[in-house]
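Note sheet for the following structure.
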Amino acid sequence: MDDILRAQATIAGAVLPTPCLPARRLSNLIGADIWVKYENLQVTNSFKERGAVNRLSALSADERRRGVIAMSAGNHAQALAYHAQRLGIPATIVMPETTPFVKVASTRAFGAQVVLFGETLAESQIRMEALRQEHALVLVHPYDDVLIAAGQGTIGLEMLDACPDLDTLVIPVGGGGLAAGIAVAAKSRKPDIRIIGVESELYPSLDAALKGEIAQCGGQTLAEGIAVKNVGALGVAVLGALMDQLILVSETDIERAVNAFLTLQKTMAEGAGAAGLAAMMREPHEFRGCKVGLVLCGGNIDPRIAASVMVRALEREEKIVAFRLQISDRPGELGTITSVLGTLGANILEVEHRRLFLDVPAKGASIDVTIETRDGDHAADIARELTKRGYTVTRIHAGEAGF
């Protein structure tokens with residue numbers, strides 16, 4: 001706790017004390033009293049600035065001259081690059097080649113030298129170690145460092161200052177620095193507060209470490225910020241002692257949470273930033289009736305991915321549906337179909353007319369039509385009406401229709 005209190009004094013004025021506010025629409029969704037800590041409002045849009053400032057402030061004059069190096073999937077990179085530039089310290093960042101372009105571009109814009117290497121953070125770490133030794137650079141580890149974790153722990157102090165009667169904190173876990181820091185701060189203030197960590201099912205590093213197993217990690221995840229194969233020793237030690245529960249979430253859970261932040265809270269959350277809400281949506285019974293502090297730890301999501309998540313959510317809710325219709329190939333037939341859809345209150349998003357496929361009769365045609373509907377019942381009514389009018393109607397995935 002002393003480390004965290006010192007970090008709070010060190011970062012004052014350099015890092016935003018972000019708001020922690022009640023989220024009524026999320027609360028209604030889960031059945032809990034939810035307060036969101038908006039770390040996506042930092043200058044680089046994630047919590048990582050706290051640890052970066054605390055660590056950089058501890059460098060000696062010689063270390064500042066030589067410069068720093070780190071490996072990062074993006075948020076630590078941007079935070080370190082931004083504050084290193086502000087303090088006049090050279091920075092080199094090794095990032096996985098799979099890092100979203102928006103994070104790479106932002107890191108470079110803050111003046112850091114970016115090296116893209118490997119598919120995962122573990123592979124990036126190998127390259128980072130070689131560069132560190134070659135150029136005598138100072139390692140600023142993204143999570144396995146006491147000063148980094150202490151900086152992140154200041155979030156816990158601010159959350160309990162904003163809402164002292166929180167009884168549960170839900171925290172995304174990648175390398176473990178964020179969750180470890182917050183757990184120390186919160187348990188020091190309120191020993192009975194419940195600490196719940198959240199990992200991606202594809203990267204269950206902490207879950208495996210606590211069980212004494214080798215983690216089976218891999219795959220493309222929306223939550224690349226917590227896609228860590230090797231959880232930090234510091235995180236394992238602290239969370240093994242202070243964490244009350246660990247929840248694993250699927251890619252679908254994470255997508256739903258990103259969409260909920262966008263549509264209900266009107267705020268941007270990257271996959272890792274939404275992991276806490278994903279856990280609450282997956283296991284709502286664990287939180288009903290509780291006063292929950294939810295850490296929205298980052299908002300650096302690729303705009304294209306955010307758009308895709310929202311469209312996919314509309315399809316899951318059957319507010320975007322696609323039908324394949326077998327029709328007669330005669331003048332006016334398409335106009336008739338569009339008139340029927342308009343009468344039924346459907347908004348046509350895309351139409352693809354197929355004549356040359358061998359599974360379509362020579363005198364026939366196939367039409368894929370993607371429409372916007374009110375809900376699943378509305379979509380079913382439209383399908384029934386089209387069938388009544390003599391069309392062969394097949395429900396297809398909107399992506400199959402080209403949308």
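In the structure tokens, the first chain shown is A, the next is B, and so on; residue numbers restart at 1 for each chain, and ligands run from 1 in the order shown.
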
Range 238-311 of chain A residues near range 143-164 of chain A within 10 Å, closest pair each, using only C-alpha atoms, as a Markdown table:
| residue | atom | partner | partner_atom | distance |
| --- | --- | --- | --- | --- |
| A:Lys291 | CA | A:Cys163 | CA | 9.4 |
| A:Val292 | CA | A:Cys163 | CA | 9.8 |
| A:Gly293 | CA | A:Met159 | CA | 7.2 |
| A:Leu294 | CA | A:Met159 | CA | 9.3 |
| A:Val295 | CA | A:Ile155 | CA | 8.6 |
| A:Cys297 | CA | A:Ile155 | CA | 9.7 |

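Those residues in range 124-294 of chain A carrying a DSSP assignment of strand (DSSP E), computed from the backbone, are Val138, Leu139, Thr168, Leu169, Val170, Ile171, Pro172, Arg194, Ile195, Ile196, Gly197, Val198, Glu199, Ser200, Gln245, Leu246, Ile247, Leu248, Val249, Lys291, Val292, Gly293 and Leu294 of chain A.
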
* Shell around Thr373 in chain A at 8 Å using only C-alpha atoms, local window under 4 positions removed, as a ChimeraX atom specification -> /A:318-321,345-347,378-379

* To do: Any chance you could list, as an MDAnalysis selection string, the residues in range 291-384 of chain A that come up alpha helix (DSSP H) when DSSP is run on the backbone?
  => chainID A and resid 303:316 333:343 376:384

Each range 269-335 of chain A residue no farther than 12 Å from range 221-235 of chain A, nearest pair in Å, only C-alpha atoms, as JSON lines:
{"residue": "A:Ala269", "atom": "CA", "partner": "A:Ala223", "partner_atom": "CA", "distance": 10.2}
{"residue": "A:Glu270", "atom": "CA", "partner": "A:Ala223", "partner_atom": "CA", "distance": 7.0}
{"residue": "A:Gly271", "atom": "CA", "partner": "A:Ala223", "partner_atom": "CA", "distance": 4.0}
{"residue": "A:Ala272", "atom": "CA", "partner": "A:Ala223", "partner_atom": "CA", "distance": 4.3}
{"residue": "A:Gly273", "atom": "CA", "partner": "A:Ala223", "partner_atom": "CA", "distance": 7.8}
{"residue": "A:Ala274", "atom": "CA", "partner": "A:Ala223", "partner_atom": "CA", "distance": 8.3}
{"residue": "A:Ala275", "atom": "CA", "partner": "A:Ala223", "partner_atom": "CA", "distance": 7.6}
{"residue": "A:Gly276", "atom": "CA", "partner": "A:Ala223", "partner_atom": "CA", "distance": 11.3}
{"residue": "A:Ala278", "atom": "CA", "partner": "A:Ala223", "partner_atom": "CA", "distance": 10.9}
{"residue": "A:Cys297", "atom": "CA", "partner": "A:Gly225", "partner_atom": "CA", "distance": 9.8}
{"residue": "A:Gly298", "atom": "CA", "partner": "A:Gly225", "partner_atom": "CA", "distance": 8.7}
{"residue": "A:Gly299", "atom": "CA", "partner": "A:Gly225", "partner_atom": "CA", "distance": 10.6}
{"residue": "A:Asn300", "atom": "CA", "partner": "A:Gly225", "partner_atom": "CA", "distance": 9.5}
{"residue": "A:Ile301", "atom": "CA", "partner": "A:Leu222", "partner_atom": "CA", "distance": 8.9}
{"residue": "A:Asp302", "atom": "CA", "partner": "A:Leu222", "partner_atom": "CA", "distance": 10.1}
{"residue": "A:Ile305", "atom": "CA", "partner": "A:Leu222", "partner_atom": "CA", "distance": 8.6}
{"residue": "A:Ala306", "atom": "CA", "partner": "A:Leu222", "partner_atom": "CA", "distance": 10.0}
{"residue": "A:Ser308", "atom": "CA", "partner": "A:Leu222", "partner_atom": "CA", "distance": 11.4}
{"residue": "A:Val309", "atom": "CA", "partner": "A:Leu222", "partner_atom": "CA", "distance": 9.8}

Those residues you just picked out, can you put them in a file as a CSV table (one decimal), in the first residue's frame with C-alpha atoms?
chain,number,residue,atom,x,y,z
A,269,ALA,CA,-14.1,0.1,-25.1
A,270,GLU,CA,-11.5,-2.2,-26.7
A,271,GLY,CA,-11.9,-5.9,-26.2
A,272,ALA,CA,-9.7,-6.0,-23.1
A,273,GLY,CA,-11.3,-2.9,-21.7
A,274,ALA,CA,-14.7,-4.6,-21.9
A,275,ALA,CA,-13.6,-7.9,-20.4
A,276,GLY,CA,-15.0,-7.0,-17.0
A,278,ALA,CA,-18.2,-9.5,-20.4
A,297,CYS,CA,-9.3,-0.1,-18.8
A,298,GLY,CA,-8.9,0.9,-22.4
A,299,GLY,CA,-10.7,2.2,-25.5
A,300,ASN,CA,-8.1,1.7,-28.3
A,301,ILE,CA,-10.2,-0.4,-30.6
A,302,ASP,CA,-9.8,-0.4,-34.3
A,305,ILE,CA,-13.6,-3.8,-35.7
A,306,ALA,CA,-15.9,-1.6,-33.6
A,308,SER,CA,-18.1,-5.0,-37.3
A,309,VAL,CA,-19.0,-5.7,-33.6

* Asked: Using only C-alpha atoms, which residues sit within 10 Å of Thr267 in chain A once same-chain residues fewer than 4 positions away are excluded, as a list in words?
  ->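 So, after excluding close chain neighbours, the residues are Tyr38, Asn40, Leu41, Val258, Asn259, Ala260, Phe261, Leu262, Thr263, Leu296 and Gly299 of chain A.
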
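Of note, CA of Thr10 in chain A and CA of Val173 in chain A are spaced 24.4 Å apart.
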
* Which of A:Ala70, A:Val351, A:Arg256, A:Thr168 sits closest to Lys190 in chain A [using only C-alpha atoms] ->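 Looking at the shortest contact to Lys190 in chain A, the residue is A:Thr168.
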
* Asked: Near Leu206 in chain A, within 12 Å and counting only C-alpha atoms, which residues show up once chain neighbours fewer than 4 positions away are dropped, as a ChimeraX atom specification?
  -> /A:172-177,179-180,197-202,210-217,226-240,243,245-248

Each range 89-119 of chain A residue no farther than 6 Å from range 53-67 of chain A, nearest pair in Å, only C-alpha atoms, as a tab-separated table:
residue	atom	partner	partner_atom	distance
A:Ile89	CA	A:Arg64	CA	5.4
A:Pro90	CA	A:Gly67	CA	4.5
A:Ala91	CA	A:Gly67	CA	5.7

Would you save the residues from that selection as a tab-separated table (two decimals), in the first residue's frame, using C-alpha atoms?
chain	number	residue	atom	x	y	z
A	89	ILE	CA	13.60	9.97	-22.88
A	90	PRO	CA	14.28	7.86	-26.03
A	91	ALA	CA	11.88	4.90	-26.29

* Distance query range 80-85 of chain A at most 10 Å, only C-alpha atoms, self and fewer than 3 positions along chain excluded, as an MDAnalysis selection string -> chainID A and resid 14:15 43:44 48:53 55:57 64 67:70 72 74:77 88:93 106:114 140 142

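Using only C-alpha atoms, the smallest distance between any of A:Arg316, A:Arg127, A:His353, A:Arg374 and Met71 in chain A comes from A:Arg127.
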